[in-house]
file protein.csv (CSV, C-alpha atoms)
chain,number,residue,atom,x,y,z
A,15,MET,CA,0.0,0.0,0.0
A,16,PRO,CA,1.6,3.3,-1.0
A,17,ILE,CA,2.3,6.1,1.4
A,18,ILE,CA,0.3,9.2,0.5
A,19,TRP,CA,1.2,12.6,1.9
A,20,GLN,CA,-1.7,14.3,3.8
A,21,PRO,CA,-2.0,17.9,4.8
A,22,THR,CA,-2.0,16.9,8.4
A,23,MET,CA,1.7,15.8,7.9
A,24,SER,CA,2.8,19.3,7.2
A,25,VAL,CA,5.7,20.7,9.1
A,26,GLY,CA,4.6,24.3,8.3
A,27,ALA,CA,7.1,25.0,5.5
A,28,LYS,CA,6.0,24.3,1.9
A,29,ALA,CA,9.5,23.6,0.7
A,30,ILE,CA,10.1,20.9,3.3
A,31,ASP,CA,6.6,19.5,2.8
A,32,ASP,CA,7.3,19.3,-1.0
A,33,GLU,CA,10.5,17.4,-0.2
A,34,HIS,CA,8.7,15.0,2.1
A,35,LYS,CA,6.1,14.4,-0.7
A,36,TYR,CA,9.0,13.5,-3.1
A,37,LEU,CA,10.6,11.3,-0.5
A,38,PHE,CA,7.3,9.4,-0.1
A,39,SER,CA,7.2,8.9,-3.8
A,40,LEU,CA,10.7,7.4,-3.8
A,41,VAL,CA,9.8,5.2,-0.9
A,42,ASN,CA,6.8,4.0,-2.9
A,43,CYS,CA,9.1,3.3,-5.9
A,44,VAL,CA,11.4,1.2,-3.7
A,45,GLU,CA,8.5,-0.8,-2.4
A,46,LEU,CA,7.1,-1.4,-5.9
A,47,ALA,CA,10.5,-2.5,-7.0
A,48,LEU,CA,10.7,-4.9,-4.1
A,49,LYS,CA,7.5,-6.6,-5.3
A,50,THR,CA,9.1,-7.2,-8.7
A,51,GLY,CA,12.1,-8.8,-7.2
A,52,GLU,CA,14.4,-7.2,-9.8
A,53,VAL,CA,17.6,-6.4,-7.9
A,54,ALA,CA,18.8,-3.8,-10.4
A,55,SER,CA,15.5,-1.9,-10.0
A,56,ILE,CA,15.6,-2.1,-6.3
A,57,ALA,CA,19.2,-0.9,-6.2
A,58,LEU,CA,18.5,1.9,-8.5
A,59,PHE,CA,15.6,3.3,-6.4
A,60,ILE,CA,17.5,2.8,-3.2
A,61,ASP,CA,20.3,4.8,-4.7
A,62,GLN,CA,17.9,7.5,-5.7
A,63,LEU,CA,16.4,7.6,-2.3
A,64,ALA,CA,19.8,7.7,-0.5
A,65,ASP,CA,20.9,10.5,-2.8
A,66,TYR,CA,17.8,12.6,-2.2
A,67,CYS,CA,17.8,11.9,1.5
A,68,GLN,CA,21.3,13.4,1.7
A,69,GLU,CA,20.1,16.5,-0.1
A,70,HIS,CA,16.9,16.8,1.9
A,71,PHE,CA,18.6,16.1,5.2
A,72,ALA,CA,21.1,18.8,4.5
A,73,HIS,CA,18.4,21.3,3.6
A,74,GLU,CA,16.3,20.4,6.7
A,75,GLU,CA,19.3,20.6,9.0
A,76,LYS,CA,20.4,24.0,7.7
A,77,LEU,CA,16.9,25.3,8.3
A,78,GLN,CA,16.9,23.9,11.8
A,79,LEU,CA,20.2,25.5,12.7
A,80,ARG,CA,18.9,28.9,11.4
A,81,ILE,CA,15.8,28.8,13.6
A,82,LYS,CA,17.8,27.4,16.6
A,83,TYR,CA,15.5,24.3,16.6
A,84,PRO,CA,15.8,22.6,20.0
A,85,TYR,CA,15.5,19.0,18.5
A,86,TYR,CA,18.2,19.5,16.0
A,87,LEU,CA,20.6,16.9,17.4
A,88,GLU,CA,17.8,14.3,17.7
A,89,ASN,CA,16.9,14.9,14.0
A,90,LYS,CA,20.5,14.9,12.9
A,91,THR,CA,21.2,11.6,14.7
A,92,GLN,CA,18.3,10.0,13.0
A,93,HIS,CA,19.3,11.3,9.6
A,94,VAL,CA,22.7,9.7,10.0
A,95,GLN,CA,21.2,6.4,11.1
A,96,ILE,CA,18.7,6.4,8.2
A,97,LEU,CA,21.5,7.0,5.6
A,98,GLU,CA,23.8,4.4,7.2
A,99,ASN,CA,20.9,1.8,7.3
A,100,LEU,CA,19.9,2.6,3.6
A,101,LEU,CA,23.5,2.2,2.4
A,102,THR,CA,24.0,-1.0,4.4
A,103,LEU,CA,20.8,-2.5,3.0
A,104,ARG,CA,21.8,-1.4,-0.4
A,105,GLN,CA,25.2,-3.1,-0.1
A,106,ARG,CA,23.5,-6.3,1.1
A,107,LEU,CA,21.6,-6.4,-2.2
A,108,VAL,CA,24.9,-6.6,-4.0
A,109,LEU,CA,26.7,-9.1,-1.7
A,110,PRO,CA,24.8,-12.2,-2.5
A,111,GLN,CA,25.2,-11.7,-6.3
A,112,ALA,CA,29.0,-11.1,-5.8
A,113,ALA,CA,29.3,-14.3,-3.8
A,114,THR,CA,27.3,-16.1,-6.5
A,115,GLU,CA,29.6,-14.9,-9.2
A,116,GLY,CA,32.7,-15.7,-7.2
A,117,ASP,CA,33.8,-12.1,-7.1
A,118,GLU,CA,35.1,-10.2,-4.2
A,119,ALA,CA,32.2,-8.3,-2.5
A,120,PRO,CA,32.5,-4.5,-2.6
A,121,GLU,CA,33.1,-2.6,0.6
A,122,LEU,CA,30.6,0.0,1.8
A,123,SER,CA,33.3,2.5,1.3
A,124,ASP,CA,33.3,1.5,-2.4
A,125,TYR,CA,29.7,2.7,-2.8
A,126,ASP,CA,29.5,5.3,-5.5
A,127,PRO,CA,26.0,6.8,-5.9
A,128,ASP,CA,27.2,8.8,-8.8
A,129,ALA,CA,28.2,5.8,-10.9
A,130,SER,CA,26.1,5.5,-14.0
A,131,ASP,CA,25.9,1.7,-14.0
A,132,ALA,CA,27.0,-1.3,-12.0
A,133,ALA,CA,30.1,-1.9,-14.1
A,134,THR,CA,31.3,1.6,-13.4
A,135,SER,CA,30.9,1.2,-9.6
A,136,GLY,CA,32.4,-2.3,-9.5
A,137,GLU,CA,29.2,-3.8,-8.3
A,138,VAL,CA,27.8,-7.1,-9.4
A,139,VAL,CA,24.1,-6.8,-9.8
A,140,CYS,CA,22.4,-9.9,-11.2
A,141,ASP,CA,18.6,-10.2,-11.4
A,142,LYS,CA,18.9,-14.0,-11.6
A,143,ALA,CA,19.7,-14.5,-7.9
A,144,PRO,CA,16.7,-14.7,-5.6
A,145,ILE,CA,16.2,-11.8,-3.2
A,146,ASP,CA,16.4,-12.8,0.5
A,147,ALA,CA,12.9,-12.4,2.0
A,148,LYS,CA,14.6,-11.2,5.2
A,149,LEU,CA,16.4,-8.4,3.3
A,150,VAL,CA,13.1,-7.4,1.7
A,151,ALA,CA,11.4,-7.2,5.1
A,152,GLU,CA,14.3,-5.2,6.5
A,153,ILE,CA,14.2,-2.7,3.7
A,154,THR,CA,10.4,-2.4,4.0
A,155,GLU,CA,10.6,-1.9,7.8
A,156,LEU,CA,13.3,0.8,7.5
A,157,LEU,CA,11.2,2.7,4.9
A,158,ARG,CA,8.0,2.4,6.9
A,159,LYS,CA,9.6,3.1,10.2
A,160,TRP,CA,11.4,6.1,8.8
A,161,VAL,CA,8.3,7.5,7.1
A,162,LEU,CA,6.0,6.8,10.0
A,163,GLU,CA,8.3,7.7,12.9
A,164,HIS,CA,10.8,10.1,11.6
A,165,VAL,CA,8.9,12.3,9.1
A,166,LEU,CA,5.5,12.1,10.9
A,167,VAL,CA,6.8,12.4,14.5
A,168,VAL,CA,10.3,13.9,14.6
A,169,ASP,CA,10.0,16.2,11.7
A,170,ARG,CA,6.4,17.2,12.6
A,171,LYS,CA,7.9,18.7,15.8
A,172,MET,CA,9.1,21.5,13.6
A,173,HIS,CA,5.5,22.7,12.9
A,174,PRO,CA,5.0,25.1,15.8
A,175,PHE,CA,8.5,26.6,15.4
A,176,LEU,CA,8.0,27.1,11.6
A,177,SER,CA,4.4,28.3,11.9
A,178,ARG,CA,5.2,31.1,14.2
A,179,LEU,CA,7.8,32.5,11.9
A,180,GLY,CA,5.2,33.5,9.3
A,181,PRO,CA,5.5,33.0,5.5
A,182,THR,CA,7.7,36.0,4.8
A,183,LYS,CA,10.4,35.1,7.3
A,184,LEU,CA,10.2,31.4,6.4
A,185,ARG,CA,10.8,32.2,2.7
A,186,GLU,CA,13.9,34.2,3.7
A,187,LEU,CA,15.3,31.3,5.7
A,188,LEU,CA,14.7,28.7,3.0

call {"tool": "encode", "arguments": {"input": "protein.csv", "output": "structure tokens"}}
result
Amino acid sequence: MPIIWQPTMSVGAKAIDDEHKYLFSLVNCVELALKTGEVASIALFIDQLADYCQEHFAHEEKLQLRIKYPYYLENKTQHVQILENLLTLRQRLVLPQAATEGDEAPELSDYDPDASDAATSGEVVCDKAPIDAKLVAEITELLRKWVLEHVLVVDRKMHPFLSRLGPTKLRELL
């Protein structure tokens, strides 16, 4: 079931809300790819999600610092954990295929989100190998937990702080 952004999820800043809407779309894409079982598609969407998370988190954290947001450290810590978990799960998609092919598995430090294809990044991505059901469950849990707990609870704490700034001041900060 796709995650659909609702107005009650607003943090009080249109730019951040729009970013959350796009993140929800990317999460939905990962979940759809998981249903197909195509490793290359899953990896592609996780890469896109990780890339956009980095961009969004930096934007959100910059805003939080500007407004002296009291929950900044909690938010920053969760951002780091989310990215680490995404990259670890992404790497685990590649490891079974590398072992199957007899190649040396890539290290997490070898992860290159800017690589245009698997050959460029040194990854071995093969849609022939079955995807571990446990890994699918872990990816789904991370995505759902992040969306439901981080965006809807932790990020939502920004609403009173952003709302009292007013639209003019908020536009200046963004």

call {"tool": "residues_around", "arguments": {"input": "protein.csv", "residues": "A:Glu75", "least_positions_apart": "4", "cutoff": "8 Å", "atoms": "all atoms listed in the file", "output": "MDAnalysis selection string"}}
result
chainID A and resid 71 79 86 89:90

call {"tool": "write_last_selection", "arguments": {"input": "protein.csv", "atoms": "C-alpha atoms", "output": "mmCIF file, in the frame of the given file"}}
result
data_model
loop_
_atom_site.group_PDB
_atom_site.id
_atom_site.type_symbol
_atom_site.label_atom_id
_atom_site.label_comp_id
_atom_site.auth_asym_id
_atom_site.auth_seq_id
_atom_site.Cartn_x
_atom_site.Cartn_y
_atom_site.Cartn_z
ATOM 1 C CA PHE A 71 18.600 16.100 5.200
ATOM 2 C CA LEU A 79 20.200 25.500 12.700
ATOM 3 C CA TYR A 86 18.200 19.500 16.000
ATOM 4 C CA ASN A 89 16.900 14.900 14.000
ATOM 5 C CA LYS A 90 20.500 14.900 12.900
#

call {"tool": "residues_around", "arguments": {"input": "protein.csv", "residues": "A:Tyr36", "least_positions_apart": "2", "cutoff": "12 Å", "atoms": "all atoms listed in the file", "output": "VMD selection string"}}
result
chain A and resid 17 to 19 29 to 34 38 to 43 62 to 63 66 to 67 69 to 70 161

call {"tool": "closest_residue", "arguments": {"input": "protein.csv", "among": "A:Val168, A:Ile153, A:Met15, A:Leu184", "to": "A:Thr102", "atoms": "only C-alpha atoms"}}
result
A:Ile153

call {"tool": "atom_distance", "arguments": {"input": "protein.csv", "atom1": "atom CA of A:Gly26", "atom2": "atom CA of A:Pro174"}}
result
7.6 Å

call {"tool": "closest_residue", "arguments": {"input": "protein.csv", "among": "A:Lys35, A:Gln78, A:His73, A:Leu107", "to": "A:Ala54", "atoms": "all atoms listed in the file"}}
result
A:Leu107

call {"tool": "closest_residue", "arguments": {"input": "protein.csv", "among": "A:Leu77, A:Leu97, A:Arg106, A:Gln92", "to": "A:Ala27", "atoms": "all atoms listed in the file"}}
result
A:Leu77

call {"tool": "atom_distance", "arguments": {"input": "protein.csv", "atom1": "atom CA of A:Phe175", "atom2": "atom CA of A:Glu98"}}
result
28.2 Å
